[in-house]
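Colleague: Take a look at model25.tsv, TSV, N, CA, C and O atoms:
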chain	number	residue	atom	x	y	z
A	255	MET	N	5.02	-24.48	-27.17
A	255	MET	CA	5.91	-24.55	-26.04
A	255	MET	C	6.91	-25.70	-26.22
A	255	MET	O	8.03	-25.59	-25.75
A	256	ALA	N	6.45	-26.76	-26.86
A	256	ALA	CA	7.37	-27.88	-27.10
A	256	ALA	C	8.56	-27.43	-27.93
A	256	ALA	O	9.69	-27.86	-27.67
A	257	GLU	N	8.33	-26.53	-28.89
A	257	GLU	CA	9.43	-26.02	-29.71
A	257	GLU	C	10.46	-25.29	-28.85
A	257	GLU	O	11.64	-25.27	-29.16
A	258	ALA	N	10.00	-24.68	-27.75
A	258	ALA	CA	10.88	-23.92	-26.87
A	258	ALA	C	11.50	-24.80	-25.78
A	258	ALA	O	12.23	-24.32	-24.93
A	259	GLY	N	11.17	-26.11	-25.79
A	259	GLY	CA	11.75	-27.02	-24.81
A	259	GLY	C	11.00	-27.06	-23.49
A	259	GLY	O	11.54	-27.46	-22.47
A	260	LEU	N	9.74	-26.68	-23.51
A	260	LEU	CA	8.91	-26.68	-22.29
A	260	LEU	C	7.81	-27.71	-22.47
A	260	LEU	O	7.08	-27.68	-23.45
A	261	ASP	N	7.69	-28.63	-21.51
A	261	ASP	CA	6.66	-29.65	-21.64
A	261	ASP	C	5.54	-29.42	-20.62
A	261	ASP	O	5.60	-28.52	-19.79
A	262	ASP	N	4.51	-30.26	-20.68
A	262	ASP	CA	3.34	-30.12	-19.81
A	262	ASP	C	3.72	-30.20	-18.33
A	262	ASP	O	3.14	-29.52	-17.49
A	263	GLU	N	4.70	-31.03	-18.01
A	263	GLU	CA	5.13	-31.19	-16.62
A	263	GLU	C	5.72	-29.88	-16.08
A	263	GLU	O	5.45	-29.49	-14.95
A	264	ASP	N	6.51	-29.20	-16.91
A	264	ASP	CA	7.08	-27.91	-16.51
A	264	ASP	C	5.98	-26.89	-16.24
A	264	ASP	O	6.01	-26.17	-15.25
A	265	VAL	N	5.01	-26.82	-17.14
A	265	VAL	CA	3.89	-25.89	-16.99
A	265	VAL	C	3.11	-26.22	-15.72
A	265	VAL	O	2.76	-25.33	-14.94
A	266	ALA	N	2.86	-27.51	-15.49
A	266	ALA	CA	2.11	-27.93	-14.31
A	266	ALA	C	2.82	-27.54	-13.02
A	266	ALA	O	2.17	-27.10	-12.06
A	267	LYS	N	4.13	-27.66	-12.97
A	267	LYS	CA	4.88	-27.27	-11.77
A	267	LYS	C	4.72	-25.78	-11.48
A	267	LYS	O	4.51	-25.39	-10.33
A	268	HIS	N	4.79	-24.97	-12.52
A	268	HIS	CA	4.60	-23.52	-12.34
A	268	HIS	C	3.19	-23.22	-11.85
A	268	HIS	O	3.00	-22.41	-10.93
A	269	LEU	N	2.20	-23.86	-12.46
A	269	LEU	CA	0.81	-23.63	-12.06
A	269	LEU	C	0.55	-24.09	-10.63
A	269	LEU	O	-0.18	-23.44	-9.88
A	270	ASP	N	1.15	-25.22	-10.25
A	270	ASP	CA	1.01	-25.70	-8.87
A	270	ASP	C	1.55	-24.68	-7.87
A	270	ASP	O	0.94	-24.43	-6.82
A	271	LEU	N	2.68	-24.07	-8.20
A	271	LEU	CA	3.25	-23.06	-7.30
A	271	LEU	C	2.37	-21.82	-7.21
A	271	LEU	O	2.21	-21.24	-6.14
A	272	ALA	N	1.78	-21.41	-8.33
A	272	ALA	CA	0.86	-20.27	-8.31
A	272	ALA	C	-0.34	-20.60	-7.43
A	272	ALA	O	-0.80	-19.77	-6.64
A	273	GLY	N	-0.83	-21.82	-7.54
A	273	GLY	CA	-1.94	-22.27	-6.69
A	273	GLY	C	-1.55	-22.26	-5.22
A	273	GLY	O	-2.36	-21.91	-4.35
A	274	GLU	N	-0.31	-22.64	-4.94
A	274	GLU	CA	0.18	-22.63	-3.56
A	274	GLU	C	0.18	-21.21	-3.00
A	274	GLU	O	-0.21	-20.99	-1.85
A	275	VAL	N	0.61	-20.24	-3.80
A	275	VAL	CA	0.60	-18.83	-3.36
A	275	VAL	C	-0.82	-18.41	-3.04
A	275	VAL	O	-1.08	-17.78	-2.00
A	276	LEU	N	-1.76	-18.77	-3.90
A	276	LEU	CA	-3.16	-18.43	-3.65
A	276	LEU	C	-3.69	-19.11	-2.39
A	276	LEU	O	-4.35	-18.46	-1.56
A	277	ARG	N	-3.39	-20.39	-2.21
A	277	ARG	CA	-3.87	-21.11	-1.03
A	277	ARG	C	-3.27	-20.54	0.25
A	277	ARG	O	-3.96	-20.42	1.26
A	278	ASN	N	-1.99	-20.18	0.22
A	278	ASN	CA	-1.35	-19.60	1.41
A	278	ASN	C	-2.04	-18.33	1.85
A	278	ASN	O	-2.05	-18.00	3.03
A	279	ARG	N	-2.60	-17.61	0.91
A	279	ARG	CA	-3.28	-16.34	1.20
A	279	ARG	C	-4.79	-16.50	1.27
A	279	ARG	O	-5.51	-15.52	1.40
A	280	ARG	N	-5.25	-17.73	1.12
A	280	ARG	CA	-6.68	-18.05	1.13
A	280	ARG	C	-7.44	-17.22	0.12
A	280	ARG	O	-8.47	-16.62	0.41
A	281	LEU	N	-6.90	-17.20	-1.09
A	281	LEU	CA	-7.49	-16.45	-2.19
A	281	LEU	C	-7.79	-17.38	-3.35
A	281	LEU	O	-7.25	-18.48	-3.43
A	282	LYS	N	-8.61	-16.91	-4.25
A	282	LYS	CA	-8.76	-17.56	-5.55
A	282	LYS	C	-8.78	-16.45	-6.58
A	282	LYS	O	-9.03	-15.29	-6.27
A	283	TRP	N	-8.45	-16.81	-7.81
A	283	TRP	CA	-8.40	-15.77	-8.83
A	283	TRP	C	-9.81	-15.35	-9.18
A	283	TRP	O	-10.78	-16.07	-8.97
A	284	SER	N	-9.91	-14.17	-9.72
A	284	SER	CA	-11.17	-13.56	-10.10
A	284	SER	C	-11.43	-13.81	-11.58
A	284	SER	O	-10.58	-13.48	-12.42
A	285	GLY	N	-12.55	-14.38	-11.92
A	285	GLY	CA	-12.85	-14.64	-13.32
A	285	GLY	C	-12.08	-15.84	-13.85
A	285	GLY	O	-11.79	-16.78	-13.12
A	286	HIS	N	-11.72	-15.77	-15.11
A	286	HIS	CA	-11.00	-16.85	-15.76
A	286	HIS	C	-9.55	-16.44	-15.98
A	286	HIS	O	-9.27	-15.27	-16.25
A	287	PRO	N	-8.63	-17.40	-15.89
A	287	PRO	CA	-7.24	-17.05	-16.21
A	287	PRO	C	-7.16	-16.58	-17.66
A	287	PRO	O	-7.88	-17.08	-18.52
A	288	CYS	N	-6.33	-15.61	-17.89
A	288	CYS	CA	-6.11	-15.12	-19.25
A	288	CYS	C	-4.82	-15.74	-19.76
A	288	CYS	O	-3.80	-15.70	-19.08
A	289	LEU	N	-4.89	-16.32	-20.90
A	289	LEU	CA	-3.72	-16.93	-21.52
A	289	LEU	C	-3.29	-16.01	-22.65
A	289	LEU	O	-3.99	-15.87	-23.65
A	290	CYS	N	-2.18	-15.33	-22.45
A	290	CYS	CA	-1.68	-14.38	-23.45
A	290	CYS	C	-0.56	-15.05	-24.24
A	290	CYS	O	0.40	-15.55	-23.66
A	291	VAL	N	-0.71	-15.03	-25.55
A	291	VAL	CA	0.29	-15.62	-26.42
A	291	VAL	C	0.92	-14.49	-27.22
A	291	VAL	O	0.22	-13.69	-27.84
A	292	HIS	N	2.23	-14.41	-27.15
A	292	HIS	CA	2.99	-13.38	-27.84
A	292	HIS	C	3.96	-14.05	-28.79
A	292	HIS	O	4.45	-15.13	-28.51
A	293	GLY	N	4.24	-13.39	-29.87
A	293	GLY	CA	5.22	-13.98	-30.76
A	293	GLY	C	5.65	-13.03	-31.86
A	293	GLY	O	4.94	-12.11	-32.22
A	294	VAL	N	6.83	-13.30	-32.33
A	294	VAL	CA	7.37	-12.62	-33.50
A	294	VAL	C	7.83	-13.74	-34.43
A	294	VAL	O	8.69	-14.54	-34.05
A	295	ASP	N	7.21	-13.78	-35.61
A	295	ASP	CA	7.53	-14.86	-36.55
A	295	ASP	C	9.02	-15.03	-36.74
A	295	ASP	O	9.75	-14.08	-36.99
A	296	GLY	N	9.46	-16.25	-36.56
A	296	GLY	CA	10.86	-16.59	-36.76
A	296	GLY	C	11.77	-16.28	-35.59
A	296	GLY	O	12.91	-16.68	-35.57
A	297	LEU	N	11.26	-15.55	-34.57
A	297	LEU	CA	12.10	-15.19	-33.43
A	297	LEU	C	11.68	-15.92	-32.15
A	297	LEU	O	12.49	-16.58	-31.53
A	298	PHE	N	10.43	-15.75	-31.74
A	298	PHE	CA	10.00	-16.39	-30.51
A	298	PHE	C	8.49	-16.47	-30.42
A	298	PHE	O	7.78	-15.74	-31.11
A	299	LYS	N	8.03	-17.37	-29.58
A	299	LYS	CA	6.63	-17.49	-29.17
A	299	LYS	C	6.66	-17.58	-27.66
A	299	LYS	O	7.47	-18.32	-27.11
A	300	ALA	N	5.80	-16.83	-27.01
A	300	ALA	CA	5.79	-16.85	-25.55
A	300	ALA	C	4.35	-16.91	-25.05
A	300	ALA	O	3.44	-16.39	-25.68
A	301	VAL	N	4.19	-17.55	-23.90
A	301	VAL	CA	2.88	-17.70	-23.28
A	301	VAL	C	2.96	-17.17	-21.86
A	301	VAL	O	3.91	-17.47	-21.12
A	302	THR	N	1.96	-16.38	-21.47
A	302	THR	CA	1.85	-15.88	-20.11
A	302	THR	C	0.46	-16.20	-19.57
A	302	THR	O	-0.54	-15.86	-20.21
A	303	TYR	N	0.39	-16.89	-18.43
A	303	TYR	CA	-0.86	-17.07	-17.72
A	303	TYR	C	-1.02	-15.86	-16.81
A	303	TYR	O	-0.13	-15.57	-16.02
A	304	VAL	N	-2.13	-15.18	-16.94
A	304	VAL	CA	-2.40	-14.00	-16.11
A	304	VAL	C	-3.57	-14.34	-15.20
A	304	VAL	O	-4.68	-14.63	-15.67
A	305	LEU	N	-3.31	-14.32	-13.90
A	305	LEU	CA	-4.33	-14.63	-12.90
A	305	LEU	C	-4.71	-13.34	-12.16
A	305	LEU	O	-3.89	-12.74	-11.48
A	306	SER	N	-5.95	-12.93	-12.33
A	306	SER	CA	-6.44	-11.70	-11.72
A	306	SER	C	-6.96	-12.01	-10.32
A	306	SER	O	-7.72	-12.97	-10.12
A	307	VAL	N	-6.52	-11.23	-9.33
A	307	VAL	CA	-6.96	-11.41	-7.94
A	307	VAL	C	-7.45	-10.09	-7.38
A	307	VAL	O	-6.99	-9.02	-7.78
A	308	ARG	N	-8.39	-10.16	-6.47
A	308	ARG	CA	-8.96	-8.96	-5.85
A	308	ARG	C	-8.09	-8.54	-4.66
A	308	ARG	O	-8.44	-8.76	-3.50
A	309	GLN	N	-6.96	-7.96	-5.00
A	309	GLN	CA	-6.00	-7.48	-4.01
A	309	GLN	C	-5.44	-6.15	-4.52
A	309	GLN	O	-5.55	-5.83	-5.70
A	310	SER	N	-4.80	-5.43	-3.61
A	310	SER	CA	-4.17	-4.17	-4.02
A	310	SER	C	-2.96	-4.46	-4.90
A	310	SER	O	-2.44	-5.58	-4.93
A	311	ARG	N	-2.49	-3.44	-5.59
A	311	ARG	CA	-1.30	-3.62	-6.43
A	311	ARG	C	-0.09	-4.03	-5.60
A	311	ARG	O	0.72	-4.84	-6.04
A	312	ASP	N	0.03	-3.46	-4.39
A	312	ASP	CA	1.16	-3.83	-3.52
A	312	ASP	C	1.08	-5.29	-3.12
A	312	ASP	O	2.09	-6.00	-3.11
A	313	GLU	N	-0.13	-5.76	-2.79
A	313	GLU	CA	-0.29	-7.17	-2.41
A	313	GLU	C	-0.01	-8.09	-3.60
A	313	GLU	O	0.60	-9.15	-3.44
A	314	VAL	N	-0.43	-7.67	-4.78
A	314	VAL	CA	-0.18	-8.47	-5.98
A	314	VAL	C	1.32	-8.52	-6.27
A	314	VAL	O	1.85	-9.57	-6.63
A	315	PHE	N	2.01	-7.40	-6.08
A	315	PHE	CA	3.46	-7.39	-6.24
A	315	PHE	C	4.10	-8.41	-5.29
A	315	PHE	O	4.97	-9.19	-5.69
A	316	GLU	N	3.66	-8.42	-4.03
A	316	GLU	CA	4.18	-9.37	-3.05
A	316	GLU	C	3.89	-10.81	-3.47
A	316	GLU	O	4.73	-11.70	-3.29
A	317	MET	N	2.71	-11.04	-4.04
A	317	MET	CA	2.37	-12.39	-4.50
A	317	MET	C	3.29	-12.83	-5.63
A	317	MET	O	3.72	-13.98	-5.67
A	318	ASN	N	3.58	-11.93	-6.56
A	318	ASN	CA	4.49	-12.26	-7.65
A	318	ASN	C	5.89	-12.54	-7.13
A	318	ASN	O	6.58	-13.45	-7.61
A	319	CYS	N	6.31	-11.78	-6.12
A	319	CYS	CA	7.62	-12.04	-5.49
A	319	CYS	C	7.61	-13.39	-4.78
A	319	CYS	O	8.58	-14.16	-4.87
A	320	GLU	N	6.52	-13.69	-4.10
A	320	GLU	CA	6.38	-14.98	-3.40
A	320	GLU	C	6.44	-16.13	-4.40
A	320	GLU	O	7.09	-17.16	-4.16
A	321	LEU	N	5.80	-15.96	-5.54
A	321	LEU	CA	5.83	-17.00	-6.58
A	321	LEU	C	7.25	-17.19	-7.10
A	321	LEU	O	7.73	-18.32	-7.24
A	322	ALA	N	7.95	-16.10	-7.35
A	322	ALA	CA	9.34	-16.20	-7.83
A	322	ALA	C	10.22	-16.89	-6.80
A	322	ALA	O	11.04	-17.75	-7.15
A	323	ASP	N	10.04	-16.56	-5.51
A	323	ASP	CA	10.81	-17.21	-4.45
A	323	ASP	C	10.49	-18.71	-4.38
A	323	ASP	O	11.38	-19.53	-4.19
A	324	ALA	N	9.20	-19.05	-4.54
A	324	ALA	CA	8.80	-20.46	-4.51
A	324	ALA	C	9.43	-21.23	-5.67
A	324	ALA	O	9.83	-22.38	-5.52
A	325	GLU	N	9.52	-20.59	-6.84
A	325	GLU	CA	10.16	-21.24	-7.98
A	325	GLU	C	11.63	-21.51	-7.70
A	325	GLU	O	12.14	-22.59	-8.04
A	326	VAL	N	12.30	-20.58	-7.06
A	326	VAL	CA	13.71	-20.78	-6.71
A	326	VAL	C	13.84	-21.93	-5.72
A	326	VAL	O	14.68	-22.82	-5.89
A	327	ARG	N	13.00	-21.93	-4.67
A	327	ARG	CA	13.06	-23.00	-3.66
A	327	ARG	C	12.78	-24.37	-4.28
A	327	ARG	O	13.34	-25.37	-3.86
A	328	ALA	N	11.87	-24.41	-5.27
A	328	ALA	CA	11.51	-25.67	-5.92
A	328	ALA	C	12.48	-26.03	-7.03
A	328	ALA	O	12.28	-27.03	-7.72
A	329	ASN	N	13.51	-25.20	-7.21
A	329	ASN	CA	14.51	-25.43	-8.25
A	329	ASN	C	13.90	-25.46	-9.65
A	329	ASN	O	14.28	-26.27	-10.50
A	330	ILE	N	12.91	-24.58	-9.84
A	330	ILE	CA	12.28	-24.46	-11.15
A	330	ILE	C	12.92	-23.27	-11.85
A	330	ILE	O	12.84	-22.14	-11.37
A	331	LYS	N	13.54	-23.54	-12.96
A	331	LYS	CA	14.21	-22.49	-13.72
A	331	LYS	C	13.16	-21.67	-14.47
A	331	LYS	O	12.27	-22.22	-15.11
A	332	ARG	N	13.26	-20.36	-14.37
A	332	ARG	CA	12.38	-19.48	-15.13
A	332	ARG	C	12.65	-19.69	-16.61
A	332	ARG	O	13.80	-19.80	-17.03
A	333	HIS	N	11.60	-19.76	-17.38
A	333	HIS	CA	11.72	-20.02	-18.80
A	333	HIS	C	11.45	-18.72	-19.57
A	333	HIS	O	10.47	-18.02	-19.27
A	334	PRO	N	12.26	-18.38	-20.54
A	334	PRO	CA	12.06	-17.11	-21.25
A	334	PRO	C	10.78	-17.07	-22.08
A	334	PRO	O	10.33	-15.99	-22.45
A	335	TYR	N	10.16	-18.22	-22.33
A	335	TYR	CA	8.97	-18.25	-23.17
A	335	TYR	C	7.71	-18.64	-22.42
A	335	TYR	O	6.68	-18.89	-23.02
A	336	PHE	N	7.77	-18.70	-21.10
A	336	PHE	CA	6.60	-19.06	-20.30
A	336	PHE	C	6.65	-18.33	-18.96
A	336	PHE	O	7.69	-18.27	-18.32
A	337	ASP	N	5.51	-17.79	-18.57
A	337	ASP	CA	5.45	-17.08	-17.30
A	337	ASP	C	4.04	-17.14	-16.74
A	337	ASP	O	3.08	-17.32	-17.48
A	338	ILE	N	3.94	-17.01	-15.43
A	338	ILE	CA	2.68	-16.87	-14.73
A	338	ILE	C	2.78	-15.60	-13.92
A	338	ILE	O	3.79	-15.35	-13.26
A	339	THR	N	1.73	-14.79	-13.97
A	339	THR	CA	1.76	-13.56	-13.21
A	339	THR	C	0.37	-13.29	-12.61
A	339	THR	O	-0.65	-13.66	-13.18
A	340	PHE	N	0.39	-12.64	-11.45
A	340	PHE	CA	-0.84	-12.19	-10.82
A	340	PHE	C	-1.02	-10.70	-11.15
A	340	PHE	O	-0.04	-9.97	-11.22
A	341	ILE	N	-2.28	-10.28	-11.36
A	341	ILE	CA	-2.57	-8.86	-11.53
A	341	ILE	C	-3.74	-8.49	-10.63
A	341	ILE	O	-4.54	-9.36	-10.25
A	342	ALA	N	-3.84	-7.22	-10.29
A	342	ALA	CA	-4.94	-6.74	-9.46
A	342	ALA	C	-6.21	-6.66	-10.31
A	342	ALA	O	-6.20	-6.15	-11.42
A	343	ALA	N	-7.29	-7.21	-9.75
A	343	ALA	CA	-8.58	-7.18	-10.46
A	343	ALA	C	-9.24	-5.82	-10.33
A	343	ALA	O	-9.08	-5.13	-9.37
Could you rewrite the structure in this file as structure tokens?
Modeller:
Amino acid sequence: MAEAGLDDEDVAKHLDLAGEVLRNRRLKWSGHPCLCVHGVDGLFKAVTYVLSVRQSRDEVFEMNCELADAEVRANIKRHPYFDITFIAA
């Protein structure tokens, strides 16, 4: 992530906002977060935190929208090589 210009503080801000979405809904993720690493040699490396929650797909979609809105309000720029997403368990 350092190669892509993303530091620990940036990652922590994103994770804090995801936690805020969960707390607002009085939820916690199910199981362990999945850390997906994607890459194409010489082109890019990307990391996605996947947080599984016991909610319907529609509710999970709303949570992802809420997270995106929170990032905008917090003036956190979306990074092309890092993302956090909720999925239905």
Colleague: Could you name the residues that touch region 320-330 of chain A at 8 Å or less, counting only N, CA, C and O atoms, but leaving out those on the same chain fewer than 2 positions away, as an NGL selection string?
Modeller: :A and (264 or 267-268 or 271-272 or 274-275 or 313-318 or 332-333 or 338)
Colleague: Identify all residues of chain A in helix (DSSP H, G or I) (DSSP on the backbone) and supply them as number ranges by chain.
Modeller: A: 256-258, 262-278, 311-327
Colleague: List every residue of chain A that DSSP, applied to the backbone of this structure, assigns to strand (DSSP E or B), and report them as a ChimeraX atom specification.
Modeller: /A:288-294,298-307,333,336-342
Colleague: Using only C-alpha atoms, which of A:Leu260, A:Asp312, A:Phe336, A:Val304 sits nearest Trp283 (chain A)?
Modeller: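 Using only C-alpha atoms, the shortest distance to Trp283 (chain A) belongs to A:Val304.
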Colleague: For Ser306 (chain A), which residue among A:Leu269, A:Leu289, A:Ala343, A:Cys319 is the nearest when counting only N, CA, C and O atoms?
Modeller: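 Of the candidates, the smallest distance to Ser306 (chain A) is held by A:Ala343.
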Colleague: Mind working out the centre and edge lengths of an axis-aligned box for region 256-275 of chain A, all listed atoms inside, 3 Å added to each side, rounded to one decimal in Å and written as lines of an AutoDock Vina configuration file?
Modeller:
center_x = 4.9
center_y = -24.5
center_z = -15.8
size_x = 20.6
size_y = 19.4
size_z = 33.9
Colleague: With all atoms listed in the file as the basis for distance, which of A:Ala256, A:Leu276, A:Ala342, A:Leu281 is at the shortest distance from Gln309 (chain A)?
Modeller: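 Going through A:Ala256, A:Leu276, A:Ala342, A:Leu281 one by one, the smallest distance to Gln309 (chain A) is for A:Ala342.
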Colleague: When you draw a straight line from atom O of Thr339 (chain A) to atom N of Val294 (chain A), how long is it in Å?
Modeller: 20.6 Å
Colleague: Figure out the distance between CA of Gly273 (chain A) and CA of Phe298 (chain A), please, to one decimal in Å.
Modeller: 27.3 Å
Colleague: Using CA of Arg279 (chain A) and CA of Asp262 (chain A) as the two end points, give the distance in Å to one decimal.
Modeller: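 These two atoms are separated by 26.0 Å.
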Colleague: Which of these, A:Tyr335, A:Ser310, A:Asp270, A:Ile341, has the shortest distance to Leu297 (chain A) once you count only C-alpha atoms?
Modeller: A:Tyr335
Colleague: In terms of the shortest atom-to-atom distance over all atoms listed in the file, which of A:Asp261, A:Ala266, A:Val307, A:Ala300 is closest to Gly285 (chain A)?
Modeller: A:Val307
